[in-house]
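Okay, target.cif is below, mmCIF, C-alpha atoms:
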```cif
data_my_file
#
loop_
_atom_site.label_atom_id
_atom_site.label_comp_id
_atom_site.auth_asym_id
_atom_site.auth_seq_id
_atom_site.Cartn_x
_atom_site.Cartn_y
_atom_site.Cartn_z
CA MET A 8 90.12 63.48 107.57
CA GLU A 9 91.85 61.83 104.58
CA SER A 10 89.82 64.02 102.24
CA PHE A 11 90.65 67.07 104.36
CA SER A 12 94.38 66.27 104.14
CA ALA A 13 94.15 65.70 100.38
CA LEU A 14 92.43 69.06 99.90
CA GLU A 15 95.07 70.81 102.01
CA CYS A 16 97.85 69.23 99.93
CA PHE A 17 96.14 70.25 96.69
CA ILE A 18 95.56 73.86 97.77
CA ARG A 19 99.06 74.35 99.15
CA SER A 20 100.64 72.78 96.03
CA ALA A 21 98.56 75.06 93.82
CA GLU A 22 99.61 78.13 95.82
CA VAL A 23 103.35 77.42 95.66
CA GLY A 24 103.52 75.49 92.36
CA SER A 25 105.52 72.61 93.78
CA PHE A 26 104.87 69.37 95.65
CA ALA A 27 108.27 69.68 97.35
CA GLU A 28 107.63 73.21 98.65
CA ALA A 29 104.09 72.29 99.70
CA ALA A 30 105.50 69.32 101.58
CA ARG A 31 108.00 71.54 103.40
CA ARG A 32 105.27 73.92 104.53
CA LEU A 33 102.96 71.08 105.58
CA SER A 34 105.75 69.11 107.35
CA LEU A 35 105.18 66.13 105.05
CA THR A 36 107.29 64.34 102.45
CA PRO A 37 106.92 65.28 98.75
CA ALA A 38 105.84 61.70 98.08
CA ALA A 39 103.02 61.99 100.62
CA VAL A 40 101.81 65.25 99.09
CA GLY A 41 101.91 63.81 95.58
CA LYS A 42 100.06 60.69 96.72
CA ASN A 43 97.33 62.74 98.43
CA VAL A 44 96.82 64.85 95.30
CA ALA A 45 96.76 61.76 93.07
CA GLN A 46 94.12 60.16 95.32
CA LEU A 47 92.04 63.34 95.16
CA GLU A 48 92.27 63.35 91.35
CA ALA A 49 91.23 59.70 91.24
CA ARG A 50 88.27 60.38 93.53
CA LEU A 51 87.14 63.37 91.43
CA GLY A 52 87.86 61.68 88.10
CA VAL A 53 89.72 64.71 86.69
CA ARG A 54 93.34 65.80 86.41
CA LEU A 55 94.00 68.85 88.60
CA PHE A 56 97.65 69.48 87.67
CA GLN A 57 99.81 69.31 84.58
CA ARG A 58 103.08 67.87 85.85
CA SER A 59 106.53 68.39 84.38
CA THR A 60 110.07 68.12 85.70
CA ARG A 61 110.25 71.91 86.00
CA LYS A 62 106.90 73.05 87.31
CA LEU A 63 103.42 72.19 88.45
CA THR A 64 100.57 73.90 86.58
CA LEU A 65 96.86 73.82 87.31
CA THR A 66 94.60 72.47 84.61
CA GLU A 67 91.42 74.35 83.75
CA ALA A 68 89.49 71.97 86.01
CA GLY A 69 92.10 72.46 88.73
CA GLN A 70 91.77 76.24 88.56
CA ARG A 71 88.00 76.01 88.84
CA PHE A 72 88.20 73.55 91.74
CA LEU A 73 90.75 75.69 93.60
CA GLY A 74 88.46 78.71 93.39
CA GLU A 75 85.57 76.69 94.81
CA VAL A 76 87.32 74.99 97.73
CA SER A 77 90.13 77.23 99.01
CA ASP A 78 87.94 79.62 101.03
CA SER A 79 85.83 76.77 102.37
CA LEU A 80 88.87 74.86 103.60
CA ARG A 81 90.22 77.97 105.32
CA THR A 82 86.87 78.46 107.06
CA ILE A 83 86.97 74.88 108.33
CA GLN A 84 90.56 75.30 109.53
CA TYR A 85 89.69 78.49 111.40
CA ALA A 86 86.63 76.89 112.97
CA MET A 87 88.70 73.89 114.11
CA ALA A 88 91.39 76.18 115.54
CA ASN A 89 88.80 78.15 117.51
CA LEU A 90 87.09 74.99 118.74
CA ALA A 91 90.43 73.63 119.93
CA SER A 92 91.14 76.69 122.06
CA ALA A 93 91.95 75.93 125.68
CA GLU A 94 88.79 76.29 127.78
CA GLY A 95 87.38 78.87 125.41
CA GLN A 96 90.58 80.96 125.48
CA PRO A 97 92.75 81.67 122.41
CA ALA A 98 95.32 78.91 122.04
CA GLY A 99 97.80 77.40 119.64
CA SER A 100 100.95 78.35 117.75
CA LEU A 101 100.93 81.99 116.60
CA ARG A 102 103.12 82.37 113.52
CA VAL A 103 104.02 86.04 112.93
CA SER A 104 106.56 87.70 110.62
CA MET A 105 108.05 91.12 111.42
CA GLY A 106 111.06 93.27 110.58
CA THR A 107 114.16 92.38 112.59
CA VAL A 108 114.90 95.71 114.28
CA PHE A 109 111.33 97.01 114.46
CA GLY A 110 110.18 93.76 116.00
CA ARG A 111 112.98 93.72 118.55
CA LEU A 112 112.48 97.36 119.59
CA TYR A 113 108.70 97.68 119.61
CA VAL A 114 106.98 94.26 119.49
CA LEU A 115 109.14 91.94 121.60
CA PRO A 116 108.80 94.19 124.69
CA LEU A 117 105.04 93.51 124.55
CA LEU A 118 105.45 89.74 124.69
CA GLY A 119 105.30 89.38 128.47
CA GLU A 120 101.99 91.21 128.77
CA PHE A 121 100.59 89.30 125.80
CA LEU A 122 101.44 85.90 127.34
CA THR A 123 100.03 87.00 130.69
CA ARG A 124 96.70 87.57 128.98
CA TYR A 125 96.88 84.56 126.66
CA PRO A 126 99.02 81.85 128.29
CA ALA A 127 97.78 79.11 125.94
CA ILE A 128 99.22 80.87 122.85
CA VAL A 129 102.69 79.74 121.76
CA PRO A 130 104.56 82.50 119.84
CA ASP A 131 106.34 81.37 116.67
CA TRP A 132 107.79 84.70 115.57
CA HIS A 133 110.02 85.17 112.53
CA PHE A 134 112.28 88.22 112.13
CA ASP A 135 112.99 89.10 108.52
CA ASN A 136 113.04 92.33 106.53
CA ARG A 137 111.58 90.71 103.42
CA GLN A 138 107.91 90.47 102.56
CA VAL A 139 106.49 87.04 103.21
CA ASP A 140 103.70 85.16 101.47
CA LEU A 141 101.30 85.44 104.39
CA ILE A 142 98.82 82.80 103.26
CA GLY A 143 101.12 80.59 101.20
CA GLN A 144 103.74 80.34 103.97
CA GLY A 145 101.17 79.80 106.69
CA PHE A 146 101.65 82.98 108.72
CA ASP A 147 98.86 84.19 110.98
CA ALA A 148 99.97 87.83 110.74
CA ALA A 149 102.84 90.08 109.69
CA ILE A 150 104.02 93.55 110.71
CA GLY A 151 105.85 95.76 108.25
CA GLY A 152 105.70 98.59 105.77
CA GLY A 153 105.53 98.97 102.02
CA PHE A 154 104.11 95.49 101.40
CA GLU A 155 102.16 94.81 98.24
CA LEU A 156 98.70 93.67 99.27
CA PRO A 157 97.96 90.29 97.64
CA PRO A 158 94.42 88.95 97.26
CA GLY A 159 92.94 87.71 100.51
CA VAL A 160 95.14 89.88 102.76
CA VAL A 161 94.15 93.10 104.54
CA ALA A 162 96.29 95.76 106.22
CA ARG A 163 95.52 97.63 109.44
CA LYS A 164 97.59 100.79 109.87
CA LEU A 165 99.64 101.06 113.06
CA THR A 166 101.94 104.07 112.60
CA PRO A 167 103.23 106.40 109.89
CA ALA A 168 106.36 105.15 108.11
CA HIS A 169 108.31 108.39 107.95
CA ARG A 170 111.98 108.64 107.07
CA VAL A 171 114.12 111.44 108.46
CA LEU A 172 117.60 112.90 107.97
CA VAL A 173 119.99 112.39 110.90
CA ALA A 174 123.63 113.10 111.69
CA ALA A 175 125.97 112.88 114.65
CA PRO A 176 126.44 116.04 116.79
CA GLY A 177 130.16 115.99 115.92
CA TYR A 178 129.41 115.94 112.18
CA LEU A 179 127.18 118.99 112.53
CA GLU A 180 129.82 120.80 114.61
CA ARG A 181 132.37 120.31 111.84
CA HIS A 182 130.14 121.20 108.90
CA GLY A 183 127.87 123.91 110.29
CA ALA A 184 124.16 124.56 110.03
CA ILE A 185 122.03 123.01 107.29
CA GLU A 186 119.28 125.51 106.56
CA GLN A 187 117.72 124.33 103.29
CA PRO A 188 117.35 121.01 101.40
CA GLN A 189 119.55 122.40 98.60
CA ALA A 190 122.50 122.45 101.02
CA LEU A 191 122.44 118.66 101.30
CA GLU A 192 124.26 118.21 97.99
CA ARG A 193 127.50 119.32 99.71
CA HIS A 194 127.26 116.55 102.32
CA ALA A 195 128.19 112.87 102.43
CA GLY A 196 125.05 110.77 102.22
CA ILE A 197 124.47 107.41 103.91
CA LEU A 198 121.68 105.96 101.80
CA ILE A 199 119.63 102.77 101.95
CA ARG A 200 119.93 100.16 99.19
CA SER A 201 116.90 97.90 98.93
CA PRO A 202 117.91 94.29 99.69
CA GLN A 203 115.02 93.16 97.46
CA THR A 204 115.75 95.23 94.33
CA GLY A 205 119.37 96.26 94.87
CA ARG A 206 118.45 99.85 94.00
CA VAL A 207 118.89 103.08 95.93
CA ARG A 208 115.50 104.71 95.81
CA SER A 209 115.18 108.37 94.83
CA TRP A 210 113.15 109.98 97.64
CA PRO A 211 111.37 113.35 97.46
CA LEU A 212 111.41 115.42 100.64
CA THR A 213 108.17 116.89 102.01
CA SER A 214 107.98 119.80 104.43
CA ARG A 215 105.48 120.36 107.23
CA TRP A 216 103.95 122.98 104.88
CA GLN A 217 103.61 120.26 102.19
CA GLU A 218 106.32 121.73 100.00
CA GLN A 219 108.30 119.29 97.86
CA ALA A 220 112.05 119.23 97.27
CA PRO A 221 114.36 116.64 95.70
CA LEU A 222 116.74 114.80 98.01
CA GLN A 223 120.13 115.89 96.68
CA LEU A 224 122.31 114.12 99.20
CA ARG A 225 125.64 112.99 97.70
CA GLN A 226 125.87 109.21 97.82
CA ALA A 227 128.99 108.48 99.86
CA MET A 228 127.95 104.96 100.88
CA THR A 229 124.94 102.65 101.04
CA MET A 230 123.61 100.34 103.73
CA SER A 231 120.94 97.65 103.54
CA ASP A 232 118.88 98.81 106.53
CA SER A 233 118.17 101.88 108.63
CA ASP A 234 119.71 100.54 111.84
CA ALA A 235 123.06 100.05 110.12
CA ALA A 236 122.81 103.53 108.60
CA CYS A 237 122.18 105.01 112.07
CA ALA A 238 125.23 103.22 113.45
CA VAL A 239 127.39 104.61 110.64
CA ALA A 240 125.98 108.13 111.02
CA GLU A 241 126.77 107.96 114.74
CA GLN A 242 130.44 107.70 113.77
CA GLY A 243 130.21 111.12 112.11
CA LEU A 244 130.64 109.78 108.58
CA GLY A 245 127.73 111.62 106.99
CA ILE A 246 123.99 112.29 106.94
CA ALA A 247 121.66 109.31 106.84
CA LEU A 248 118.09 109.05 105.60
CA VAL A 249 116.53 106.46 107.90
CA SER A 250 113.21 105.12 109.11
CA LEU A 251 112.16 107.13 112.17
CA PRO A 252 111.34 104.14 114.42
CA PHE A 253 114.90 102.89 113.95
CA ALA A 254 116.36 106.34 114.60
CA MET A 255 114.30 106.95 117.74
CA PRO A 256 116.70 105.34 120.27
CA TYR A 257 119.63 107.31 118.81
CA LEU A 258 117.68 110.58 118.86
CA THR A 259 116.40 110.07 122.38
CA ALA A 260 119.92 109.37 123.67
CA GLY A 261 121.38 112.38 121.82
CA ARG A 262 123.69 110.17 119.76
CA LEU A 263 122.10 111.53 116.59
CA CYS A 264 120.29 114.79 115.77
CA ARG A 265 117.58 115.53 113.24
CA VAL A 266 118.74 117.44 110.18
CA LEU A 267 116.14 119.72 108.55
CA SER A 268 113.58 118.70 111.15
CA ASP A 269 110.74 120.34 109.22
CA TRP A 270 111.39 117.97 106.32
CA TYR A 271 110.81 114.22 105.98
CA VAL A 272 110.07 111.44 103.51
CA ASP A 273 106.58 109.94 103.57
CA ASP A 274 106.94 106.18 103.07
CA GLY A 275 103.34 105.23 103.82
CA HIS A 276 102.53 103.27 106.96
CA ILE A 277 103.73 100.43 109.13
CA SER A 278 100.80 98.04 109.16
CA LEU A 279 99.53 94.80 110.60
CA TYR A 280 98.75 92.29 107.84
CA TYR A 281 96.45 89.28 108.18
CA ALA A 282 94.08 87.14 106.13
CA GLU A 283 90.81 88.74 105.10
CA HIS A 284 88.30 86.45 106.74
CA LYS A 285 85.23 86.86 108.92
CA LEU A 286 86.14 83.85 111.05
CA LEU A 287 89.72 84.49 112.15
CA PRO A 288 91.25 82.05 114.65
CA GLY A 289 90.95 83.29 118.23
CA LYS A 290 94.75 83.46 118.58
CA THR A 291 95.04 85.72 115.52
CA ARG A 292 92.20 88.00 116.58
CA ALA A 293 93.70 88.26 120.08
CA PHE A 294 97.09 89.24 118.65
CA ILE A 295 95.63 91.83 116.27
CA ASP A 296 93.52 93.48 118.96
CA PHE A 297 96.39 93.42 121.46
CA ILE A 298 98.94 95.04 119.11
CA VAL A 299 96.50 97.76 118.03
CA GLU A 300 95.64 98.45 121.68
CA GLN A 301 99.29 98.61 122.77
CA PHE A 302 100.44 100.85 119.92
CA ALA A 303 97.57 103.24 120.60
CA GLY A 304 98.11 103.17 124.37
CA GLN A 305 101.82 103.94 124.05
CA GLY A 306 101.23 106.71 121.52
CA LEU A 307 103.62 105.17 119.03
CA ALA A 308 101.73 106.59 116.04
CA GLY A 309 102.49 110.07 117.37
CA ARG A 310 106.10 109.28 118.27
CA PHE A 311 106.76 108.00 114.76
CA ASN A 312 105.27 111.09 113.12
CA ALA A 313 108.24 113.09 111.79
CA LEU A 314 106.44 116.39 112.42
CA GLN A 315 105.88 115.80 116.14
CA PRO A 316 108.29 117.70 118.40
CA ALA A 317 109.09 114.52 120.35
CA SER A 318 110.64 112.96 117.23
CA ARG A 319 113.23 115.65 116.74
CA GLY A 320 115.75 114.42 119.28
CA LYS A 321 118.08 116.67 121.27
CA PRO A 322 119.11 119.99 119.77
CA ALA A 323 122.24 120.06 117.64
CA PRO A 324 125.30 121.62 119.30
CA SER A 325 126.42 125.16 118.67
CA GLY A 326 127.60 125.61 115.10
CA GLY A 327 125.42 122.76 113.90
CA ARG A 328 121.89 123.95 114.62
CA VAL A 329 119.22 121.81 113.08
CA THR A 330 116.30 123.75 111.65
#
```
Re-express the file's structure as structure tokens.
Amino acid sequence: MESFSALECFIRSAEVGSFAEAARRLSLTPAAVGKNVAQLEARLGVRLFQRSTRKLTLTEAGQRFLGEVSDSLRTIQYAMANLASAEGQPAGSLRVSMGTVFGRLYVLPLLGEFLTRYPAIVPDWHFDNRQVDLIGQGFDAAIGGGFELPPGVVARKLTPAHRVLVAAPGYLERHGAIEQPQALERHAGILIRSPQTGRVRSWPLTSRWQEQAPLQLRQAMTMSDSDAACAVAEQGLGIALVSLPFAMPYLTAGRLCRVLSDWYVDDGHISLYYAEHKLLPGKTRAFIDFIVEQFAGQGLAGRFNALQPASRGKPAPSGGRVT
């Protein structure tokens, strides 16, 4: 077990480039991590890291050793997790990352049914709109959209990630019908600024007939997420381009209406991310299968398709017809 712990400290330190950060993720002290790595180096008779006050860098031997042992250690960890399952049932802490609003609206409501099926699993769910390092930070799975796919991670599509234009009924009453994308340039735009890059992305609009048009919405203000943009649009302050899953409660309640309902922005998919491995822990496999089953059973992929009639919301009031 000492060798196992030393290997885990080495691999985690190599992944994050720091004994201190590896210690935080392993719930150890930096001194303990450094000692374990030093003992491993002494046992192997080679130096695995070049150490400096600023960073930790793998030596050539360390790089070669990491490539040879990282997958094997993960296999052992998965096998141990499965063996430790309660009476053959999936068990253990399930560490999952998901977007704050999406998770609250569409994943948290599934928790009761999930725990009824798998009472020995302990959810450890993190709500954050930033991409996480799935393997490096020790997550079993993540749910989100637009993630770069690092080595060793696979994505399973859950729903389309469409963005739509929405406005309050009162705004449309005051400003009249919006018939074509070109008319958007006369309207106040509530746009999304990426919290990661700080930029407002330039989105092309796509029609149900696969026509393309630039989004010429005047930037009146920016928000950092779609839920905030919906809340501002509900006040009648402009037209917002938002992620459809976030807009759905507002559309269903009639607090917002679709604008140019035959047009949308294709932002890829909302997916389930997890480690690419044949021997996944039982708890992770149970979660993946359950989420896929529930999203399919509830028809969420269809509800989040911008071209489905159900996603259009209530009709705009007279004088503000949405086409």
Considering all atoms listed in the file, can you say which of A:Ile197, A:Ala293, A:Leu14, A:Leu165 comes closest to Arg310 (chain A)?
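The shortest atom-to-atom distance to Arg310 (chain A) comes from A:Leu165.
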I'd like the residues picked by the PyMOL selection byres ((chain A and resi 20) around 10) written out as a PyMOL selection string, using the chain letters and numbers from the file.
chain A and resi 14-19+21-30+32-33+40-41+44+56+63-65+143
Residue nearest Ala174 (chain A) - candidates A:Thr66, A:Ser268, A:Thr229, A:Ser10, atoms counted: all atoms listed in the file
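For Ala174 (chain A), the nearest of the candidates is A:Ser268.
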Between A:Arg102, A:Arg124, A:His194, A:Arg111, which has the minimum distance to Asp234 (chain A) (counting only C-alpha atoms)?
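Under the stated criterion, the closest residue is A:Arg111.
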Option closest in space to Ser104 (chain A), from A:Gly245, A:Gly151, A:Pro167, A:Pro157 [counting all atoms listed in the file]:
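Of the candidates, the smallest distance to Ser104 (chain A) is held by A:Gly151.
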Using all atoms listed in the file, find the one residue out of A:Tyr271, A:Trp132, A:Phe253, A:Phe294 that sits nearest to Gln315 (chain A).
A:Tyr271
Kindly indicate which residue among A:Ala148, A:Val129, A:Gln138, A:Asp232 lies nearest to Leu287 (chain A), using all atoms listed in the file for the distances.
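Checking each candidate against Leu287 (chain A), we get A:Ala148 as the closest.
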Evaluating the PyMOL selection byres ((chain A and resi 193) around 12) on the displayed file yields which residues, as a ChimeraX atom specification?
/A:182-183,185,187-192,194-196,222-227,245-246
